[in-house]
Amino acid sequence: MTDYFHLSGASLAPGSIILPGNFGAHDPGNRHASHRVAGDPPDAAAEGMGRIVNITSLVILGMVNRTAYAASNAALGSFTRTWALELAETGITVNSVAPGPVETELFRRNTPPGSEAERIFLTNIPMRRLVHPEEIAASVAFMLSEDASYITSQTLLVDGGGSIGKAAI
Amino acid sequence: MADFPYRCALIIGVGTGISASLARRLSKIGLQVGLAARDVEKLKPLAEETAAAVFAVDAGASG
């Protein structure tokens with residue numbers, strides 16, 4: 001029997017929103033696929049306004065050595081589109097923000113300044129710099145704002161031009 | 001600053017990077033912020049800074 005899931009039935013019980021069904025239950029990369037929610041969906045729907053912003057990644061377009069990480073983030077991008085449909089009449093928008101390489105402790109653990117790994121990352125970023133967490137937070141804040149009220153199911157690539165020539169418009 | 005017609009925001013999967021920046025930004029706007037992560041002990045400094053509530057959530061847990 002198929003286990004259908006509709007976001008309006010979601011609760012904040014562990015796993016119920018991030019992992020509808022059995023997706024990625026054994027995929028360690030999935031732990032990186034975090035998301036951001038403004039308002040518990042059922043409560044927000046009752047008030048006629050709400051926002052869900054998922055953080056995905058530029059690597060959804062493809063990157064060597066990133067099979068699990070790219071797939072789990074791509075799945076989150078797919079959740080975004082399904083949830084946008086399911087919640088379209090509620091006033092809750094659902095969008096993704098997909099950063100390029102972010103200057104975070106986690107990133108720097110594997111990619112020290114001046115390293116070969118950093119050089120390879122920046123080769124693929126036309127602006128030739130990492131993005132600061134505050135720049136991603138600002139993009140999320142826009143998606144959360146009332147001004148973004150008619151935008152839903154979109155993925156905003158905040159990537160210093162890293163998707164140019166790789167993503168369809 | 002754009003308008004935020006909400007009272008609260010829940011951030012799931014909080015660490016020290018994007019999510020921490022977002023928590024600070026939303027807290028300054030005046031939203032009640034909730035922080036969720038596997039290890040709530042690590043959230044304490046950020047929770048104190050942003051006056052946020054914390055929740056333990058493990059997306060990898062089964063059942």
# chains A, B, ... in the order shown; residues from 1 in each chain; ligands from 1
call {"tool": "residues_around", "arguments": {"residues": "Lys28 (chain B)", "least_positions_apart": "2", "cutoff": "12 Å", "atoms": "only C-alpha atoms", "output": "count of residues only"}}
result
17
call {"tool": "residues_around", "arguments": {"residues": "Glu105 (chain A)", "least_positions_apart": "2", "cutoff": "9 Å", "atoms": "only C-alpha atoms", "output": "list in words"}}
result
Glu103, Phe107, Arg108 and Arg109 of chain A; Thr16 and Gly17 of chain B
call {"tool": "write_last_selection", "arguments": {"atoms": "N, CA and C atoms", "output": "tab-separated table (two decimals), in the first residue's frame"}}
result
chain	number	residue	atom	x	y	z
A	103	GLU	N	31.13	30.46	3.36
A	103	GLU	CA	32.23	30.62	4.32
A	103	GLU	C	31.73	30.26	5.71
A	107	PHE	N	32.50	24.27	6.23
A	107	PHE	CA	33.17	24.32	4.92
A	107	PHE	C	34.68	24.45	5.10
A	108	ARG	N	35.09	25.29	6.02
A	108	ARG	CA	36.53	25.54	6.22
A	108	ARG	C	37.27	24.35	6.81
A	109	ARG	N	36.50	23.46	7.50
A	109	ARG	CA	37.12	22.26	8.05
A	109	ARG	C	37.72	21.41	6.93
B	16	THR	N	26.41	26.50	12.93
B	16	THR	CA	27.09	27.76	13.22
B	16	THR	C	27.16	28.69	12.01
B	17	GLY	N	26.64	28.26	10.87
B	17	GLY	CA	26.81	29.03	9.64
B	17	GLY	C	25.57	29.79	9.22
call {"tool": "interface_residues", "arguments": {"of": "chain B", "to": "chain A", "cutoff": "9 Å", "atoms": "only C-alpha atoms", "output": "ChimeraX atom specification"}}
result
/B:2-23,25-26,56-63
call {"tool": "write_last_selection", "arguments": {"atoms": "N, CA and C atoms", "output": "short mmCIF file (atom, residue, chain, number, x, y, z; two decimals), in the first residue's frame"}}
result
data_model
loop_
_atom_site.label_atom_id
_atom_site.label_comp_id
_atom_site.auth_asym_id
_atom_site.auth_seq_id
_atom_site.Cartn_x
_atom_site.Cartn_y
_atom_site.Cartn_z
N ALA B 2 12.00 44.74 4.78
CA ALA B 2 10.70 44.24 4.33
C ALA B 2 9.85 43.85 5.53
N ASP B 3 8.54 43.81 5.31
CA ASP B 3 7.64 43.46 6.40
C ASP B 3 7.59 41.95 6.63
N PHE B 4 7.50 41.57 7.90
CA PHE B 4 7.37 40.16 8.25
C PHE B 4 6.09 39.99 9.05
N PRO B 5 5.06 39.47 8.40
CA PRO B 5 3.76 39.36 9.08
C PRO B 5 3.65 38.13 9.95
N TYR B 6 4.73 37.79 10.64
CA TYR B 6 4.71 36.61 11.52
C TYR B 6 5.18 37.01 12.90
N ARG B 7 4.92 36.11 13.83
CA ARG B 7 5.42 36.30 15.18
C ARG B 7 6.60 35.39 15.46
N CYS B 8 6.66 34.25 14.74
CA CYS B 8 7.70 33.29 15.08
C CYS B 8 8.28 32.62 13.84
N ALA B 9 9.47 32.10 13.99
CA ALA B 9 10.15 31.37 12.92
C ALA B 9 10.88 30.20 13.54
N LEU B 10 10.76 29.05 12.91
CA LEU B 10 11.45 27.86 13.37
C LEU B 10 12.55 27.52 12.37
N ILE B 11 13.76 27.38 12.86
CA ILE B 11 14.90 27.06 12.00
C ILE B 11 15.34 25.64 12.34
N ILE B 12 15.31 24.77 11.35
CA ILE B 12 15.59 23.35 11.59
C ILE B 12 16.96 23.00 11.02
N GLY B 13 17.75 22.28 11.81
CA GLY B 13 19.09 21.89 11.36
C GLY B 13 20.09 22.99 11.65
N VAL B 14 20.05 23.52 12.86
CA VAL B 14 20.85 24.70 13.18
C VAL B 14 22.30 24.33 13.52
N GLY B 15 23.23 25.03 12.90
CA GLY B 15 24.64 24.89 13.20
C GLY B 15 25.24 26.25 13.49
N THR B 16 26.41 26.50 12.93
CA THR B 16 27.09 27.76 13.22
C THR B 16 27.16 28.69 12.01
N GLY B 17 26.64 28.26 10.87
CA GLY B 17 26.81 29.03 9.64
C GLY B 17 25.57 29.79 9.22
N ILE B 18 24.95 29.33 8.13
CA ILE B 18 23.79 30.02 7.56
C ILE B 18 22.68 30.15 8.59
N SER B 19 22.39 29.05 9.27
CA SER B 19 21.26 29.04 10.21
C SER B 19 21.49 29.99 11.38
N ALA B 20 22.73 30.07 11.85
CA ALA B 20 23.02 30.99 12.96
C ALA B 20 22.86 32.44 12.51
N SER B 21 23.33 32.74 11.29
CA SER B 21 23.15 34.09 10.75
C SER B 21 21.68 34.43 10.62
N LEU B 22 20.91 33.44 10.15
CA LEU B 22 19.48 33.68 9.98
C LEU B 22 18.80 33.89 11.33
N ALA B 23 19.20 33.11 12.32
CA ALA B 23 18.62 33.27 13.67
C ALA B 23 18.86 34.68 14.19
N ARG B 25 19.47 37.39 12.44
CA ARG B 25 18.75 38.36 11.63
C ARG B 25 17.26 38.41 12.02
N LEU B 26 16.66 37.22 12.15
CA LEU B 26 15.23 37.17 12.46
C LEU B 26 14.95 37.63 13.89
N ALA B 56 15.05 19.50 20.27
CA ALA B 56 15.90 18.41 19.81
C ALA B 56 15.17 17.63 18.72
N VAL B 57 15.76 17.60 17.52
CA VAL B 57 15.17 16.88 16.40
C VAL B 57 16.28 16.13 15.67
N ASP B 58 16.06 14.85 15.40
CA ASP B 58 17.01 14.07 14.62
C ASP B 58 16.32 13.55 13.37
N ALA B 59 16.62 14.18 12.23
CA ALA B 59 15.97 13.80 10.98
C ALA B 59 16.37 12.41 10.53
N GLY B 60 17.50 11.91 11.05
CA GLY B 60 17.96 10.59 10.65
C GLY B 60 17.39 9.47 11.49
N ALA B 61 16.65 9.83 12.55
CA ALA B 61 16.09 8.81 13.43
C ALA B 61 14.93 8.10 12.74
N SER B 62 14.84 6.81 12.88
CA SER B 62 13.75 6.07 12.26
C SER B 62 12.63 5.86 13.27
N GLY B 63 11.46 5.54 12.75
CA GLY B 63 10.33 5.21 13.60
C GLY B 63 9.59 6.36 14.13
#
call {"tool": "select_by_dssp", "arguments": {"residues": "chain B", "states": "strand (DSSP E or B)", "output": "PyMOL selection string"}}
result
chain B and resi 8-12+32-37+53-56
call {"tool": "write_last_selection", "arguments": {"atoms": "C-alpha atoms", "output": "JSON list (two decimals), in the first residue's frame"}}
result
[["chain", "number", "residue", "atom", "x", "y", "z"],
["B", 8, "CYS", "CA", 7.70, 33.29, 15.08],
["B", 9, "ALA", "CA", 10.15, 31.37, 12.92],
["B", 10, "LEU", "CA", 11.45, 27.86, 13.37],
["B", 11, "ILE", "CA", 14.90, 27.06, 12.00],
["B", 12, "ILE", "CA", 15.59, 23.35, 11.59],
["B", 32, "GLN", "CA", 10.33, 34.72, 18.33],
["B", 33, "VAL", "CA", 12.90, 32.26, 16.99],
["B", 34, "GLY", "CA", 12.92, 28.49, 17.53],
["B", 35, "LEU", "CA", 16.08, 26.48, 16.93],
["B", 36, "ALA", "CA", 16.00, 22.74, 16.20],
["B", 37, "ALA", "CA", 18.98, 20.43, 15.92],
["B", 53, "ALA", "CA", 13.57, 28.34, 22.17],
["B", 54, "VAL", "CA", 15.42, 25.10, 21.39],
["B", 55, "PHE", "CA", 14.10, 21.74, 20.18],
["B", 56, "ALA", "CA", 15.90, 18.41, 19.81]]
